[in-house]
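S.K.: Structure file my_file-v5.cif (mmCIF, C-alpha atoms) is given on the next line.
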data_work
#
loop_
_atom_site.group_PDB
_atom_site.id
_atom_site.type_symbol
_atom_site.label_atom_id
_atom_site.label_comp_id
_atom_site.auth_asym_id
_atom_site.auth_seq_id
_atom_site.Cartn_x
_atom_site.Cartn_y
_atom_site.Cartn_z
ATOM 1 C CA MET A 20 8.701 4.347 30.604
ATOM 2 C CA PRO A 21 10.391 4.493 27.228
ATOM 3 C CA ILE A 22 8.308 5.080 24.148
ATOM 4 C CA ASN A 23 6.810 1.749 23.131
ATOM 5 C CA VAL A 24 6.062 1.061 19.481
ATOM 6 C CA ALA A 25 4.086 -1.862 18.068
ATOM 7 C CA VAL A 26 5.565 -3.260 14.863
ATOM 8 C CA ILE A 27 2.705 -5.241 13.366
ATOM 9 C CA THR A 28 3.588 -8.408 11.508
ATOM 10 C CA PHE A 29 1.654 -10.586 9.084
ATOM 11 C CA PRO A 30 2.628 -13.841 7.411
ATOM 12 C CA GLY A 31 5.091 -12.619 4.780
ATOM 13 C CA THR A 32 6.196 -9.395 6.492
ATOM 14 C CA ASN A 33 9.989 -9.183 6.257
ATOM 15 C CA CYS A 34 11.123 -5.763 7.478
ATOM 16 C CA GLU A 35 9.900 -6.133 11.052
ATOM 17 C CA TYR A 36 13.281 -6.880 12.668
ATOM 18 C CA ASP A 37 15.016 -4.030 10.812
ATOM 19 C CA THR A 38 12.265 -1.735 12.043
ATOM 20 C CA VAL A 39 12.545 -2.923 15.647
ATOM 21 C CA LYS A 40 16.349 -2.511 15.544
ATOM 22 C CA ALA A 41 16.036 0.982 14.134
ATOM 23 C CA LEU A 42 13.601 1.997 16.877
ATOM 24 C CA GLU A 43 15.795 0.443 19.582
ATOM 25 C CA ARG A 44 18.832 2.327 18.292
ATOM 26 C CA ILE A 45 16.943 5.550 18.968
ATOM 27 C CA GLY A 46 16.230 4.346 22.507
ATOM 28 C CA TYR A 47 12.615 3.312 22.039
ATOM 29 C CA SER A 48 11.129 0.033 23.062
ATOM 30 C CA ALA A 49 9.607 -1.869 20.153
ATOM 31 C CA GLU A 50 7.541 -5.040 20.135
ATOM 32 C CA LEU A 51 6.588 -7.379 17.331
ATOM 33 C CA VAL A 52 2.829 -7.709 17.372
ATOM 34 C CA TRP A 53 1.285 -10.630 15.490
ATOM 35 C CA HIS A 54 -1.710 -9.944 13.252
ATOM 36 C CA ASP A 55 -4.193 -11.754 15.506
ATOM 37 C CA VAL A 56 -3.846 -9.172 18.298
ATOM 38 C CA VAL A 57 -6.971 -7.085 18.832
ATOM 39 C CA GLU A 58 -5.845 -4.582 21.489
ATOM 40 C CA LEU A 59 -3.242 -1.913 20.763
ATOM 41 C CA ASN A 60 -4.076 0.919 23.137
ATOM 42 C CA ALA A 61 -0.985 0.400 25.314
ATOM 43 C CA TYR A 62 1.355 1.511 22.511
ATOM 44 C CA ASP A 63 2.561 5.003 21.717
ATOM 45 C CA ALA A 64 2.722 4.424 17.968
ATOM 46 C CA LEU A 65 2.026 1.703 15.417
ATOM 47 C CA ILE A 66 4.189 0.753 12.472
ATOM 48 C CA LEU A 67 3.069 -1.512 9.636
ATOM 49 C CA PRO A 68 6.415 -2.591 8.191
ATOM 50 C CA GLY A 69 7.432 -3.665 4.711
ATOM 51 C CA GLY A 70 7.391 -7.105 3.177
ATOM 52 C CA PHE A 71 5.032 -9.252 1.199
ATOM 53 C CA SER A 72 2.083 -9.920 3.490
ATOM 54 C CA TYR A 73 0.237 -13.035 2.279
ATOM 55 C CA GLY A 74 2.683 -13.262 -0.612
ATOM 56 C CA ASP A 75 1.194 -10.098 -2.161
ATOM 57 C CA TYR A 76 -1.504 -12.420 -3.492
ATOM 58 C CA LEU A 77 -4.367 -10.682 -5.276
ATOM 59 C CA ARG A 78 -2.889 -7.208 -4.577
ATOM 60 C CA PRO A 79 -0.321 -6.074 -2.012
ATOM 61 C CA GLY A 80 -2.145 -5.632 1.296
ATOM 62 C CA ALA A 81 -5.483 -6.914 -0.040
ATOM 63 C CA ILE A 82 -5.599 -9.978 2.217
ATOM 64 C CA ALA A 83 -3.822 -8.521 5.272
ATOM 65 C CA ARG A 84 -6.431 -5.794 5.325
ATOM 66 C CA PHE A 85 -8.915 -8.291 6.772
ATOM 67 C CA SER A 86 -6.612 -9.491 9.578
ATOM 68 C CA PRO A 87 -8.055 -9.170 13.104
ATOM 69 C CA VAL A 88 -5.404 -6.592 14.070
ATOM 70 C CA MET A 89 -6.612 -4.135 11.437
ATOM 71 C CA GLN A 90 -9.734 -3.330 13.446
ATOM 72 C CA ALA A 91 -7.480 -2.349 16.352
ATOM 73 C CA VAL A 92 -5.222 -0.357 14.015
ATOM 74 C CA GLU A 93 -8.261 1.538 12.802
ATOM 75 C CA GLU A 94 -9.465 2.257 16.357
ATOM 76 C CA PHE A 95 -5.978 3.417 17.372
ATOM 77 C CA ALA A 96 -5.808 5.662 14.316
ATOM 78 C CA ARG A 97 -9.320 7.068 14.771
ATOM 79 C CA SER A 98 -8.394 8.030 18.335
ATOM 80 C CA GLY A 99 -5.567 10.149 16.913
ATOM 81 C CA GLY A 100 -2.655 7.801 17.570
ATOM 82 C CA PRO A 101 0.285 7.972 15.164
ATOM 83 C CA VAL A 102 0.318 5.177 12.586
ATOM 84 C CA LEU A 103 2.969 4.683 9.922
ATOM 85 C CA GLY A 104 2.792 2.257 7.010
ATOM 86 C CA ILE A 105 6.096 1.588 5.288
ATOM 87 C CA CYS A 106 6.092 0.092 1.779
ATOM 88 C CA ASN A 107 3.803 -2.968 2.098
ATOM 89 C CA GLY A 108 2.371 -1.192 5.166
ATOM 90 C CA PHE A 109 1.513 1.815 2.981
ATOM 91 C CA GLN A 110 -0.105 -0.482 0.412
ATOM 92 C CA LEU A 111 -2.071 -2.073 3.240
ATOM 93 C CA LEU A 112 -3.288 1.286 4.584
ATOM 94 C CA THR A 113 -4.649 2.187 1.135
ATOM 95 C CA GLU A 114 -6.363 -1.203 0.800
ATOM 96 C CA ALA A 115 -7.890 -0.646 4.258
ATOM 97 C CA HIS A 116 -9.140 2.800 3.118
ATOM 98 C CA LEU A 117 -7.224 4.470 5.937
ATOM 99 C CA LEU A 118 -5.313 6.360 3.246
ATOM 100 C CA PRO A 119 -6.657 7.273 -0.221
ATOM 101 C CA GLY A 120 -5.387 6.045 -3.580
ATOM 102 C CA ALA A 121 -3.497 2.907 -4.492
ATOM 103 C CA LEU A 122 -0.020 1.687 -5.369
ATOM 104 C CA GLN A 123 0.291 0.155 -8.812
ATOM 105 C CA LYS A 124 3.180 -1.450 -10.685
ATOM 106 C CA ASN A 125 6.237 0.712 -11.303
ATOM 107 C CA VAL A 126 6.007 2.311 -14.721
ATOM 108 C CA SER A 127 9.286 0.586 -15.685
ATOM 109 C CA LEU A 128 7.790 -2.818 -14.752
ATOM 110 C CA LYS A 129 10.987 -3.378 -12.762
ATOM 111 C CA PHE A 130 11.514 -4.083 -9.103
ATOM 112 C CA ILE A 131 13.549 -1.113 -7.882
ATOM 113 C CA CYS A 132 15.962 -1.403 -4.962
ATOM 114 C CA ARG A 133 18.186 1.637 -4.445
ATOM 115 C CA SER A 134 18.568 4.809 -2.444
ATOM 116 C CA VAL A 135 16.614 7.814 -3.630
ATOM 117 C CA GLU A 136 16.215 11.394 -2.504
ATOM 118 C CA VAL A 137 12.868 12.586 -1.254
ATOM 119 C CA LYS A 138 11.887 16.112 -0.346
ATOM 120 C CA VAL A 139 9.749 16.889 2.694
ATOM 121 C CA ASP A 140 6.705 18.723 1.371
ATOM 122 C CA THR A 141 4.787 19.380 4.563
ATOM 123 C CA VAL A 142 5.554 19.080 8.260
ATOM 124 C CA ARG A 143 1.884 18.873 9.227
ATOM 125 C CA SER A 144 1.919 15.118 9.839
ATOM 126 C CA SER A 145 2.948 12.508 12.360
ATOM 127 C CA LEU A 146 5.760 11.434 10.027
ATOM 128 C CA THR A 147 7.309 14.816 9.292
ATOM 129 C CA SER A 148 6.503 17.102 12.218
ATOM 130 C CA LEU A 149 10.158 17.335 13.317
ATOM 131 C CA ALA A 150 11.506 17.763 9.758
ATOM 132 C CA SER A 151 11.755 21.026 7.839
ATOM 133 C CA LYS A 152 9.773 21.828 4.721
ATOM 134 C CA GLY A 153 12.036 21.369 1.693
ATOM 135 C CA GLN A 154 14.489 19.165 3.574
ATOM 136 C CA VAL A 155 15.939 16.434 1.341
ATOM 137 C CA LEU A 156 16.300 12.949 2.810
ATOM 138 C CA SER A 157 18.202 10.006 1.394
ATOM 139 C CA LEU A 158 16.150 6.819 1.829
ATOM 140 C CA PRO A 159 16.171 3.398 0.148
ATOM 141 C CA ILE A 160 13.209 2.170 -1.880
ATOM 142 C CA ASN A 161 12.569 -1.524 -2.475
ATOM 143 C CA HIS A 162 9.374 -2.195 -4.380
ATOM 144 C CA PHE A 163 7.616 -3.361 -7.519
ATOM 145 C CA GLU A 164 4.268 -1.768 -6.752
ATOM 146 C CA GLY A 165 5.237 1.709 -5.572
ATOM 147 C CA ASN A 166 3.664 3.809 -8.278
ATOM 148 C CA TYR A 167 1.181 5.938 -6.337
ATOM 149 C CA THR A 168 -2.044 6.740 -8.116
ATOM 150 C CA CYS A 169 -5.437 8.220 -7.263
ATOM 151 C CA ASP A 170 -8.269 9.954 -9.083
ATOM 152 C CA ASP A 171 -8.000 13.651 -9.963
ATOM 153 C CA ALA A 172 -10.392 14.750 -7.220
ATOM 154 C CA THR A 173 -8.338 12.946 -4.555
ATOM 155 C CA LEU A 174 -5.096 14.337 -5.938
ATOM 156 C CA LYS A 175 -6.524 17.849 -5.780
ATOM 157 C CA ILE A 176 -7.499 17.343 -2.139
ATOM 158 C CA LEU A 177 -4.086 15.877 -1.240
ATOM 159 C CA GLU A 178 -2.332 18.866 -2.789
ATOM 160 C CA GLU A 179 -4.675 21.562 -1.481
ATOM 161 C CA ASP A 180 -4.725 20.169 2.049
ATOM 162 C CA GLU A 181 -0.947 19.696 2.032
ATOM 163 C CA ARG A 182 -1.150 15.976 2.609
ATOM 164 C CA VAL A 183 1.743 15.027 0.338
ATOM 165 C CA LEU A 184 4.473 14.408 2.901
ATOM 166 C CA LEU A 185 7.375 13.262 0.758
ATOM 167 C CA ARG A 186 8.056 13.733 -2.956
ATOM 168 C CA TYR A 187 10.738 11.968 -4.994
ATOM 169 C CA VAL A 188 13.365 14.401 -6.261
ATOM 170 C CA ASP A 189 13.811 12.164 -9.325
ATOM 171 C CA ASN A 190 10.626 10.102 -9.736
ATOM 172 C CA PRO A 191 11.754 6.449 -9.883
ATOM 173 C CA ASN A 192 8.431 4.640 -10.341
ATOM 174 C CA GLY A 193 5.956 6.889 -12.145
ATOM 175 C CA SER A 194 4.035 8.036 -9.063
ATOM 176 C CA VAL A 195 1.572 10.818 -9.783
ATOM 177 C CA HIS A 196 3.095 14.193 -8.753
ATOM 178 C CA SER A 197 6.197 12.222 -7.642
ATOM 179 C CA ILE A 198 4.382 11.235 -4.455
ATOM 180 C CA ALA A 199 6.450 9.073 -2.086
ATOM 181 C CA GLY A 200 4.298 9.489 1.026
ATOM 182 C CA ILE A 201 0.940 10.902 2.117
ATOM 183 C CA CYS A 202 -1.173 11.280 5.241
ATOM 184 C CA ASN A 203 -4.851 11.259 6.175
ATOM 185 C CA GLU A 204 -6.869 14.417 6.725
ATOM 186 C CA GLU A 205 -5.942 14.640 10.410
ATOM 187 C CA GLY A 206 -2.253 13.992 9.738
ATOM 188 C CA ASN A 207 -1.768 11.127 12.202
ATOM 189 C CA ILE A 208 -1.897 8.250 9.672
ATOM 190 C CA ALA A 209 1.048 8.301 7.293
ATOM 191 C CA GLY A 210 2.186 6.004 4.517
ATOM 192 C CA MET A 211 5.432 6.019 2.579
ATOM 193 C CA MET A 212 7.117 3.751 0.044
ATOM 194 C CA PRO A 213 10.772 4.403 1.056
ATOM 195 C CA HIS A 214 12.215 2.498 4.010
ATOM 196 C CA PRO A 215 13.290 4.755 6.927
ATOM 197 C CA GLU A 216 14.468 1.718 8.925
ATOM 198 C CA ARG A 217 17.071 1.080 6.255
ATOM 199 C CA ALA A 218 18.409 4.603 6.768
ATOM 200 C CA SER A 219 18.885 4.457 10.532
ATOM 201 C CA ASP A 220 22.630 3.880 10.954
ATOM 202 C CA GLU A 221 25.832 5.298 9.448
ATOM 203 C CA LEU A 222 26.729 1.765 8.399
ATOM 204 C CA LEU A 223 23.627 1.715 6.184
ATOM 205 C CA GLY A 224 24.729 4.864 4.352
ATOM 206 C CA SER A 225 22.117 7.228 5.768
ATOM 207 C CA THR A 226 20.574 8.105 9.108
ATOM 208 C CA ASP A 227 17.808 10.257 7.643
ATOM 209 C CA GLY A 228 15.139 7.735 8.614
ATOM 210 C CA ILE A 229 15.681 8.446 12.323
ATOM 211 C CA LEU A 230 14.171 11.908 11.984
ATOM 212 C CA LEU A 231 10.964 10.358 10.669
ATOM 213 C CA PHE A 232 10.724 7.813 13.502
ATOM 214 C CA ARG A 233 11.387 10.602 16.005
ATOM 215 C CA SER A 234 8.629 12.696 14.448
ATOM 216 C CA LEU A 235 6.248 9.745 14.669
ATOM 217 C CA CYS A 236 6.961 9.039 18.336
ATOM 218 C CA GLU A 237 7.942 12.411 19.802
ATOM 219 C CA GLY A 238 6.538 14.979 17.398
ATOM 220 C CA LYS A 239 3.358 17.003 17.306
ATOM 221 C CA PHE A 240 1.113 13.980 16.799
ATOM 222 C CA SER A 241 2.698 11.756 19.461
ATOM 223 C CA ARG A 242 0.651 10.413 22.319
ATOM 224 C CA MET B 25 -26.406 -25.983 -7.051
ATOM 225 C CA LEU B 26 -22.885 -25.297 -8.064
ATOM 226 C CA TYR B 27 -22.136 -22.523 -10.529
ATOM 227 C CA GLU B 28 -18.921 -21.571 -12.224
ATOM 228 C CA LEU B 29 -18.243 -17.871 -12.555
ATOM 229 C CA SER B 30 -15.438 -15.773 -13.835
ATOM 230 C CA VAL B 31 -14.295 -12.349 -12.677
ATOM 231 C CA GLU B 32 -12.371 -10.328 -15.230
ATOM 232 C CA ILE B 33 -10.339 -7.586 -13.584
ATOM 233 C CA MET B 34 -8.911 -4.850 -15.797
ATOM 234 C CA PRO B 35 -7.091 -1.590 -15.100
ATOM 235 C CA LYS B 36 -9.574 1.268 -14.790
ATOM 236 C CA PRO B 37 -9.629 3.628 -17.796
ATOM 237 C CA GLY B 38 -7.061 6.348 -17.196
ATOM 238 C CA ILE B 39 -4.941 4.154 -14.936
ATOM 239 C CA ALA B 40 -1.546 3.421 -16.413
ATOM 240 C CA ASP B 41 -1.196 -0.113 -17.783
ATOM 241 C CA PRO B 42 2.573 -0.409 -18.307
ATOM 242 C CA GLU B 43 2.290 -4.129 -19.018
ATOM 243 C CA GLY B 44 -0.235 -3.536 -21.797
ATOM 244 C CA ALA B 45 1.877 -0.702 -23.226
ATOM 245 C CA THR B 46 4.991 -2.927 -23.248
ATOM 246 C CA ILE B 47 3.161 -5.763 -25.016
ATOM 247 C CA LEU B 48 1.795 -3.283 -27.572
ATOM 248 C CA ARG B 49 5.342 -2.119 -28.358
ATOM 249 C CA ALA B 50 6.539 -5.726 -28.634
ATOM 250 C CA LEU B 51 3.691 -6.578 -31.029
ATOM 251 C CA HIS B 52 4.562 -3.580 -33.200
ATOM 252 C CA ALA B 53 8.212 -4.654 -33.177
ATOM 253 C CA LEU B 54 7.119 -8.087 -34.416
ATOM 254 C CA GLY B 55 5.258 -6.534 -37.327
ATOM 255 C CA PHE B 56 1.718 -6.657 -35.922
ATOM 256 C CA ASP B 57 1.183 -3.025 -36.898
ATOM 257 C CA VAL B 58 -2.583 -3.519 -36.876
ATOM 258 C CA THR B 59 -2.603 -3.569 -33.059
ATOM 259 C CA ARG B 60 -4.087 -0.380 -31.643
ATOM 260 C CA ARG B 61 -4.477 -1.168 -27.979
ATOM 261 C CA VAL B 62 -3.461 -3.857 -25.493
ATOM 262 C CA ALA B 63 -4.816 -4.057 -21.954
ATOM 263 C CA VAL B 64 -3.625 -6.600 -19.396
ATOM 264 C CA GLY B 65 -5.704 -7.745 -16.468
ATOM 265 C CA LYS B 66 -6.464 -10.966 -14.654
ATOM 266 C CA VAL B 67 -9.188 -13.565 -14.511
ATOM 267 C CA ILE B 68 -10.388 -15.254 -11.328
ATOM 268 C CA LYS B 69 -12.552 -18.360 -11.728
ATOM 269 C CA LEU B 70 -14.800 -19.479 -8.921
ATOM 270 C CA GLN B 71 -17.257 -22.229 -8.175
ATOM 271 C CA VAL B 72 -20.081 -21.021 -5.956
ATOM 272 C CA GLU B 73 -23.035 -22.735 -4.297
ATOM 273 C CA ALA B 74 -26.284 -20.867 -4.971
ATOM 274 C CA ASP B 75 -29.971 -21.526 -5.630
ATOM 275 C CA ALA B 76 -29.962 -19.733 -8.967
ATOM 276 C CA GLY B 77 -27.572 -18.209 -11.471
ATOM 277 C CA GLU B 78 -28.741 -14.703 -10.624
ATOM 278 C CA GLU B 79 -27.965 -15.304 -6.955
ATOM 279 C CA ALA B 80 -24.504 -16.675 -7.814
ATOM 280 C CA LEU B 81 -23.823 -13.527 -9.840
ATOM 281 C CA GLN B 82 -24.868 -11.288 -6.945
ATOM 282 C CA ILE B 83 -22.659 -13.170 -4.502
ATOM 283 C CA VAL B 84 -19.613 -12.871 -6.715
ATOM 284 C CA GLU B 85 -20.355 -9.200 -7.481
ATOM 285 C CA SER B 86 -20.213 -8.644 -3.745
ATOM 286 C CA MET B 87 -16.909 -10.567 -3.506
ATOM 287 C CA ALA B 88 -15.498 -8.374 -6.261
ATOM 288 C CA ALA B 89 -16.541 -5.204 -4.473
ATOM 289 C CA LYS B 90 -15.184 -6.315 -1.108
ATOM 290 C CA LEU B 91 -11.982 -8.125 -2.012
ATOM 291 C CA LEU B 92 -11.307 -9.258 -5.552
ATOM 292 C CA ALA B 93 -10.859 -5.850 -7.181
ATOM 293 C CA ASN B 94 -9.648 -2.475 -5.967
ATOM 294 C CA PRO B 95 -12.060 0.121 -7.401
ATOM 295 C CA VAL B 96 -9.379 2.825 -7.195
ATOM 296 C CA ILE B 97 -7.392 1.184 -9.980
ATOM 297 C CA GLU B 98 -9.464 -1.697 -11.340
ATOM 298 C CA VAL B 99 -12.806 -2.527 -12.914
ATOM 299 C CA ALA B 100 -14.322 -5.971 -12.344
ATOM 300 C CA HIS B 101 -16.712 -7.766 -14.667
ATOM 301 C CA VAL B 102 -18.461 -10.864 -13.326
ATOM 302 C CA SER B 103 -19.928 -13.456 -15.666
ATOM 303 C CA LEU B 104 -21.626 -16.794 -15.291
ATOM 304 C CA VAL B 105 -19.610 -19.422 -17.145
ATOM 305 C CA GLN B 106 -21.536 -22.589 -16.430
ATOM 306 C CA GLU B 107 -24.487 -23.803 -14.372
ATOM 307 C CA HIS B 108 -24.720 -27.161 -12.620
ATOM 308 C CA VAL B 109 -21.005 -27.750 -12.443
ATOM 309 C CA ALA B 110 -19.948 -31.214 -11.280
ATOM 310 C CA SER B 111 -17.970 -30.582 -8.088
ATOM 311 C CA THR B 112 -14.238 -31.167 -8.444
ATOM 312 C CA ASP B 113 -13.681 -31.568 -4.682
#
So that I can check it, write out the structure of this file as C-alpha cells.
M.R.:
Amino acid sequence: MPINVAVITFPGTNCEYDTVKALERIGYSAELVWHDVVELNAYDALILPGGFSYGDYLRPGAIARFSPVMQAVEEFARSGGPVLGICNGFQLLTEAHLLPGALQKNVSLKFICRSVEVKVDTVRSSLTSLASKGQVLSLPINHFEGNYTCDDATLKILEEDERVLLRYVDNPNGSVHSIAGICNEEGNIAGMMPHPERASDELLGSTDGILLFRSLCEGKFSR
Amino acid sequence: MLYELSVEIMPKPGIADPEGATILRALHALGFDVTRRVAVGKVIKLQVEADAGEEALQIVESMAAKLLANPVIEVAHVSLVQEHVASTD
C-alpha cells in the first residue's frame, strides 16, 4: 500500500490540486477529503492546504475551524498522526488552537507572492525530520496575512522548546523572530506559511518542498 | 424581544496595527499634525432575540469569545445599541 495522504478541502480552498499533484509526483497516493468527513484514521498524514476557506471572512480560518472535519483532524493529531497546515491551513490550525499564536496582516499591508529562502531551525518535527538543521530551502510564499505573532510567553516557549521549524532568511512579512513555521509540543502538528507544493518540480523553479512532504510521510513522526 | 448590539473588535495592545500606522502617517502628511494615535478595527452589528438586555449582552459576549474575535490578537467590546428593535426580516 502506498502512503495515503488526506488533503482536506473547504469551500474556498484553492491549493488542493497542486498539493495532490505534488504528493503523487513523490509516489504517494493523495485524496481530496471534503470538510464534512468525520473519519480520518485510514490516512497516513493529513494536509490542510492553502486558499481562502470561507472567503477568509471574519479572519482566515475562523469559520473553517468549526467544520465537522476539524474534530477528526484533532483526534488524528492527538493520536500522534502527522498533520501539516500550509498557509490558510496554518492559519486554520492556529484558529483551532492546535498551534499557538496567530497570523496577522503583513507589515507592508501588501499581498506578497514570491519565492523566499527559509532556514530549517529544528529537525524535531513531522515537517523537518528528514531535513538538516541550518539547511536553506527556497519556497514560494503567497499571502496577505502571514505575519506570525504570539505573546511573549508563547514565543519564549517556542524558542526554548525548539518549536520554530522554519525561519525566513530575509523576513518578508514582519513575523516575530522571522518565524515561517512552527509545531506543537509533540512535534507532529506543523504549520507553515510558504507553499511546499509549489516547490515540488524543476519546472516550478525549486524541488525543496519534496523534502518536507517526505519528512511528513516517511520521517520520524510518520505512522 | 429583539435587541441590536455592536461588537467593536480592535487589535490587542502590543499587536502591530500596520493599517493604523499607515493612516497616521497619511494624516500627518495631510497636515493633521495633532494626530497622536490611530487604531483600526472592525465593527460587527447583530440583532439578537433575548428576554432582557443583560441576557443579549451575555449571549453576544459568548459569541465574541467563541468566534467573533481572536483573543491572541484582538480585543472585543460588546455594547447594547438599541432595545426593542423592529425586525427587518
S.K.: As an exercise, work out the distance from CA of Pro21 (chain A) to CA of Arg233 (chain A) in Å and give it to one decimal place.
M.R.: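 Distance reported for this atom pair: 12.8 Å.
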S.K.: Applying 6 Å and all atoms listed in the file, which residues near region 25-34 of chain B remain after dropping the ones on its own chain fewer than 4 positions away? List them as a PyMOL selection string.
M.R.: chain B and resi 65-75+98-109
S.K.: Residues of chain B within 12 Å of chain A, counting all atoms listed in the file, what are they? List them as a tab-separated table (two decimals) with C-alpha atoms, in the coordinates of the input.
M.R.:
chain	number	residue	atom	x	y	z
B	33	ILE	CA	-10.34	-7.59	-13.58
B	35	PRO	CA	-7.09	-1.59	-15.10
B	36	LYS	CA	-9.57	1.27	-14.79
B	37	PRO	CA	-9.63	3.63	-17.80
B	38	GLY	CA	-7.06	6.35	-17.20
B	39	ILE	CA	-4.94	4.15	-14.94
B	40	ALA	CA	-1.55	3.42	-16.41
B	41	ASP	CA	-1.20	-0.11	-17.78
B	42	PRO	CA	2.57	-0.41	-18.31
B	43	GLU	CA	2.29	-4.13	-19.02
B	44	GLY	CA	-0.24	-3.54	-21.80
B	45	ALA	CA	1.88	-0.70	-23.23
B	46	THR	CA	4.99	-2.93	-23.25
B	47	ILE	CA	3.16	-5.76	-25.02
B	65	GLY	CA	-5.70	-7.74	-16.47
B	66	LYS	CA	-6.46	-10.97	-14.65
B	67	VAL	CA	-9.19	-13.56	-14.51
B	68	ILE	CA	-10.39	-15.25	-11.33
B	88	ALA	CA	-15.50	-8.37	-6.26
B	90	LYS	CA	-15.18	-6.32	-1.11
B	91	LEU	CA	-11.98	-8.12	-2.01
B	92	LEU	CA	-11.31	-9.26	-5.55
B	93	ALA	CA	-10.86	-5.85	-7.18
B	94	ASN	CA	-9.65	-2.48	-5.97
B	95	PRO	CA	-12.06	0.12	-7.40
B	96	VAL	CA	-9.38	2.82	-7.20
B	97	ILE	CA	-7.39	1.18	-9.98
B	98	GLU	CA	-9.46	-1.70	-11.34
S.K.: Which residues, written as a PyMOL selection string, have at least one atom at most 12 Å from Ile201 (chain A), with all atoms listed in the file counted and residues fewer than 6 positions away on the same chain left out?
M.R.: chain A and resi 102-106+109-110+112-113+117-122+139-147+167-169+173-174+176-178+180-186+194-195+207-213
S.K.: Decode the PyMOL selection byres ((chain A and resi 133) around 12) for the given file into explicit residues and return them as an NGL selection string.
M.R.: :A and (130-132 or 134-136 or 157-162 or 191-192 or 213-214 or 217-218 or 223-224)
S.K.: Give the padded box for region 27-38 of chain A as JSON: axis-aligned, covering all atoms listed in the file, 3 Å on each side, centre and edge lengths in Å to one decimal.
M.R.:
{"center_x": 8.3, "center_y": -7.8, "center_z": 9.1, "size_x": 19.4, "size_y": 18.1, "size_z": 14.6}
S.K.: Quick one: of A:Cys202, A:Ala64, A:Val188, A:Phe163, who's nearest to His116 (chain A), counting all atoms listed in the file?
M.R.: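 Closest to His116 (chain A) of all the choices is A:Cys202.
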S.K.: How far is it from CA of Phe240 (chain A) to CA of Tyr62 (chain A), in Å with one decimal?
M.R.: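 Going from CA of Phe240 (chain A) over to CA of Tyr62 (chain A), I get 13.7 Å.
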S.K.: With all atoms listed in the file as the counted atoms, please give the residues lying no more than 10 Å from Gln90 (chain A), apart from itself and same-chain residues fewer than 6 positions off, as a VMD selection string.
M.R.: chain A and resid 56 to 59 84 96 115
S.K.: List, as number ranges by chain, every residue that the PyMOL selection byres ((chain A and resi 219) around 12) selects in the file provided.
M.R.: A: 37-45, 156-159, 214-218, 220-233
S.K.: Take the PyMOL selection byres ((chain B and resi 60) around 12), apply it to the structure above, and return the hits as a ChimeraX atom specification.
M.R.: /B:44-45,47-49,51-52,56-59,61-63
S.K.: Determine, counting only C-alpha atoms, which protein, DNA and RNA residues have an atom within 9 Å of an atom of Tyr73 (chain A); residues of the same chain fewer than 6 positions away are not included. Present the result as an mmCIF file with C-alpha atoms, keeping the file's coordinate frame.
M.R.:
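Saved the output as selection.cif:
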data_model
loop_
_atom_site.group_PDB
_atom_site.id
_atom_site.type_symbol
_atom_site.label_atom_id
_atom_site.label_comp_id
_atom_site.auth_asym_id
_atom_site.auth_seq_id
_atom_site.Cartn_x
_atom_site.Cartn_y
_atom_site.Cartn_z
ATOM 1 C CA PHE A 29 1.654 -10.586 9.084
ATOM 2 C CA PRO A 30 2.628 -13.841 7.411
ATOM 3 C CA GLY A 31 5.091 -12.619 4.780
ATOM 4 C CA THR A 32 6.196 -9.395 6.492
ATOM 5 C CA PRO A 79 -0.321 -6.074 -2.012
ATOM 6 C CA GLY A 80 -2.145 -5.632 1.296
ATOM 7 C CA ALA A 81 -5.483 -6.914 -0.040
ATOM 8 C CA ILE A 82 -5.599 -9.978 2.217
ATOM 9 C CA ALA A 83 -3.822 -8.521 5.272
#
S.K.: What is the distance, in Å and to one decimal place, between CA of Thr28 (chain A) and CA of Val52 (chain A)?
M.R.: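 About the pair CA of Thr28 (chain A) and CA of Val52 (chain A): they are 6.0 Å apart.
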S.K.: Let me make sure I understand: among A:Ser72, A:Asn107, A:Asn190, A:Ser98, which one has the smallest atom-to-atom distance to Glu205 (chain A) if we use all atoms listed in the file?
M.R.: A:Ser98
